[in-house]
Amino acid sequence: KYFLRAAELSRIRANAAQLLQERVNRELIELNMPQVIFKVDLKSRNVLANNGMDQVDFLFSPNPGEPLRPLARIASGGELSRFVLALKTVLAEVYRVPTLIFDEIDVGVGGSALTAMARKISQLAASHQVILVTHSAQVASFAHTHYLIEKQVENNHTFTRVRKLDGEQRVQ
């Protein structure tokens, strides 16, 4: 009975992996990464486990001619940031997540790639609540609402203040 269920789970995973690859690769193109190849690698293990018998790895090739290798080992900070945004975008559609939170997801990204990220986040904000921590004016300029988060020390105690910015404060 276990092997029948594990085989069914593997079949479902293979279908989902194909769909995830297609959608994430499409998002990566929109995030100014047209040469990147992302692949979900499924391998059968001979180990009984409560989550089936598959080994799942995310493989990544950032440049033409480079072999697919484990994403966690080869992606640069900027590539990883854009991959996470692409993955969250795809999964937000599937899981219908009402709020997406990004903490400095734009680190290591600049120029036109950063603008592509900002546009993608802005598109997500049309159908989701997006909370984004950024130091990038380029990204922040796409937001509808801005808050300034400041760390302060008073009487030898550190605390954080958050205040909504309006008008000229947003520009500053």
# chains A, B, ... in the order shown; residues from 1 in each chain; ligands from 1

call {"tool": "residues_around", "arguments": {"residues": "A:Leu59", "least_positions_apart": "4", "cutoff": "10 Å", "atoms": "only C-alpha atoms", "output": "CSV table (one decimal) with N, CA, C and O atoms, in the first residue's frame"}}
result
chain,number,residue,atom,x,y,z
A,37,ILE,N,18.0,29.1,-16.9
A,37,ILE,CA,17.2,27.9,-16.9
A,37,ILE,C,17.0,27.4,-15.5
A,37,ILE,O,18.0,27.2,-14.8
A,38,PHE,N,15.8,27.2,-15.1
A,38,PHE,CA,15.4,26.6,-13.8
A,38,PHE,C,14.8,25.3,-14.1
A,38,PHE,O,14.0,25.1,-15.0
A,39,LYS,N,15.2,24.3,-13.3
A,39,LYS,CA,14.6,22.9,-13.4
A,39,LYS,C,14.4,22.3,-12.0
A,39,LYS,O,15.2,22.5,-11.1
A,40,VAL,N,13.2,21.7,-11.9
A,40,VAL,CA,13.0,20.9,-10.7
A,40,VAL,C,13.4,19.5,-11.0
A,40,VAL,O,12.9,18.8,-11.9
A,41,ASP,N,14.4,19.0,-10.3
A,41,ASP,CA,15.0,17.7,-10.5
A,41,ASP,C,14.4,16.7,-9.5
A,41,ASP,O,14.5,16.9,-8.3
A,67,PRO,N,26.2,24.3,-17.1
A,67,PRO,CA,25.4,23.1,-16.7
A,67,PRO,C,24.4,23.5,-15.6
A,67,PRO,O,24.7,24.5,-14.9
A,68,LEU,N,23.3,22.8,-15.5
A,68,LEU,CA,22.4,22.9,-14.4
A,68,LEU,C,23.1,22.4,-13.1
A,68,LEU,O,23.6,21.4,-13.1
A,69,ARG,N,23.1,23.3,-12.1
A,69,ARG,CA,23.6,22.9,-10.8
A,69,ARG,C,22.7,23.3,-9.7
A,69,ARG,O,21.8,24.2,-9.9
A,70,PRO,N,22.9,22.8,-8.5
A,70,PRO,CA,22.0,23.2,-7.4
A,70,PRO,C,21.9,24.7,-7.2
A,70,PRO,O,22.9,25.4,-7.0
A,71,LEU,N,20.7,25.3,-7.2
A,71,LEU,CA,20.4,26.7,-7.1
A,71,LEU,C,21.1,27.3,-5.8
A,71,LEU,O,21.8,28.3,-5.9
A,72,ALA,N,21.0,26.6,-4.7
A,72,ALA,CA,21.6,27.2,-3.5
A,72,ALA,C,23.1,27.3,-3.5
A,72,ALA,O,23.7,28.2,-2.8
A,73,ARG,N,23.8,26.6,-4.4
A,73,ARG,CA,25.2,26.6,-4.4
A,73,ARG,C,25.8,27.6,-5.4
A,73,ARG,O,26.9,28.1,-5.3
A,74,ILE,N,25.0,27.9,-6.5
A,74,ILE,CA,25.6,28.7,-7.6
A,74,ILE,C,25.0,30.1,-7.8
A,74,ILE,O,25.6,30.9,-8.5
A,75,ALA,N,23.8,30.3,-7.4
A,75,ALA,CA,23.1,31.6,-7.7
A,75,ALA,C,23.8,32.7,-6.9
A,75,ALA,O,24.0,32.6,-5.7

call {"tool": "closest_atom_pairs", "arguments": {"of": "stretch 118-165 of chain A", "to": "stretch 84-100 of chain A", "cutoff": "7 Å", "atoms": "only C-alpha atoms", "output": "CSV"}}
result
residue,atom,partner,partner_atom,distance
A:His128,CA,A:Pro98,CA,5.2
A:Gln129,CA,A:Thr99,CA,4.6
A:Val130,CA,A:Leu100,CA,4.9
A:Ile131,CA,A:Leu100,CA,6.2

call {"tool": "closest_residue", "arguments": {"among": "A:Asn156, A:Ser10, A:Asn25, A:Gln172", "to": "A:Ala137", "atoms": "only C-alpha atoms"}}
result
A:Gln172

call {"tool": "residues_around", "arguments": {"residues": "A:Asn63", "least_positions_apart": "6", "cutoff": "10 Å", "atoms": "only C-alpha atoms", "output": "number ranges by chain"}}
result
A: 33-37

call {"tool": "write_last_selection", "arguments": {"atoms": "N, CA, C and O atoms", "output": "mmCIF file, in the first residue's frame"}}
result
data_model
loop_
_atom_site.group_PDB
_atom_site.id
_atom_site.type_symbol
_atom_site.label_atom_id
_atom_site.label_comp_id
_atom_site.auth_asym_id
_atom_site.auth_seq_id
_atom_site.Cartn_x
_atom_site.Cartn_y
_atom_site.Cartn_z
ATOM 1 N N MET A 33 15.913 38.077 -16.795
ATOM 2 C CA MET A 33 16.821 36.926 -16.754
ATOM 3 C C MET A 33 16.452 35.951 -17.871
ATOM 4 O O MET A 33 16.134 34.787 -17.624
ATOM 5 N N PRO A 34 16.508 36.404 -19.136
ATOM 6 C CA PRO A 34 16.029 35.559 -20.236
ATOM 7 C C PRO A 34 16.885 34.330 -20.516
ATOM 8 O O PRO A 34 16.415 33.378 -21.119
ATOM 9 N N GLN A 35 18.146 34.329 -20.090
ATOM 10 C CA GLN A 35 19.038 33.214 -20.380
ATOM 11 C C GLN A 35 19.032 32.139 -19.299
ATOM 12 O O GLN A 35 19.612 31.070 -19.468
ATOM 13 N N VAL A 36 18.401 32.414 -18.164
ATOM 14 C CA VAL A 36 18.409 31.488 -17.029
ATOM 15 C C VAL A 36 17.531 30.276 -17.315
ATOM 16 O O VAL A 36 16.473 30.391 -17.942
ATOM 17 N N ILE A 37 17.994 29.133 -16.869
ATOM 18 C CA ILE A 37 17.185 27.918 -16.937
ATOM 19 C C ILE A 37 17.007 27.407 -15.510
ATOM 20 O O ILE A 37 17.986 27.227 -14.779
#

call {"tool": "select_by_dssp", "arguments": {"residues": "stretch 33-88 of chain A", "states": "alpha helix (DSSP H)", "output": "list in words"}}
result
Leu71, Ala72, Arg73, Ile74, Gly77, Gly78, Glu79, Leu80, Ser81, Arg82, Phe83, Val84, Leu85, Ala86, Leu87 and Lys88 of chain A

call {"tool": "write_last_selection", "arguments": {"atoms": "N, CA and C atoms", "output": "CSV table (one decimal), in the first residue's frame"}}
result
chain,number,residue,atom,x,y,z
A,71,LEU,N,20.7,25.3,-7.2
A,71,LEU,CA,20.4,26.7,-7.1
A,71,LEU,C,21.1,27.3,-5.8
A,72,ALA,N,21.0,26.6,-4.7
A,72,ALA,CA,21.6,27.2,-3.5
A,72,ALA,C,23.1,27.3,-3.5
A,73,ARG,N,23.8,26.6,-4.4
A,73,ARG,CA,25.2,26.6,-4.4
A,73,ARG,C,25.8,27.6,-5.4
A,74,ILE,N,25.0,27.9,-6.5
A,74,ILE,CA,25.6,28.7,-7.6
A,74,ILE,C,25.0,30.1,-7.8
A,77,GLY,N,23.7,36.6,-5.2
A,77,GLY,CA,22.6,37.3,-4.4
A,77,GLY,C,21.5,37.9,-5.2
A,78,GLY,N,21.9,38.5,-6.3
A,78,GLY,CA,20.9,39.2,-7.2
A,78,GLY,C,20.0,38.1,-7.9
A,79,GLU,N,20.7,37.0,-8.3
A,79,GLU,CA,19.9,36.0,-9.0
A,79,GLU,C,19.0,35.3,-8.0
A,80,LEU,N,19.5,35.1,-6.8
A,80,LEU,CA,18.6,34.4,-5.8
A,80,LEU,C,17.4,35.3,-5.5
A,81,SER,N,17.7,36.6,-5.4
A,81,SER,CA,16.6,37.5,-5.1
A,81,SER,C,15.5,37.5,-6.1
A,82,ARG,N,15.9,37.5,-7.4
A,82,ARG,CA,14.9,37.4,-8.4
A,82,ARG,C,14.2,36.1,-8.5
A,83,PHE,N,15.0,35.0,-8.3
A,83,PHE,CA,14.4,33.7,-8.3
A,83,PHE,C,13.3,33.6,-7.2
A,84,VAL,N,13.6,34.1,-6.0
A,84,VAL,CA,12.6,34.0,-4.9
A,84,VAL,C,11.4,34.8,-5.3
A,85,LEU,N,11.6,36.0,-5.9
A,85,LEU,CA,10.4,36.8,-6.3
A,85,LEU,C,9.6,36.0,-7.3
A,86,ALA,N,10.3,35.4,-8.3
A,86,ALA,CA,9.6,34.6,-9.3
A,86,ALA,C,8.8,33.4,-8.7
A,87,LEU,N,9.5,32.7,-7.8
A,87,LEU,CA,8.8,31.6,-7.1
A,87,LEU,C,7.6,32.0,-6.2
A,88,LYS,N,7.8,33.1,-5.5
A,88,LYS,CA,6.7,33.6,-4.7
A,88,LYS,C,5.5,34.1,-5.5
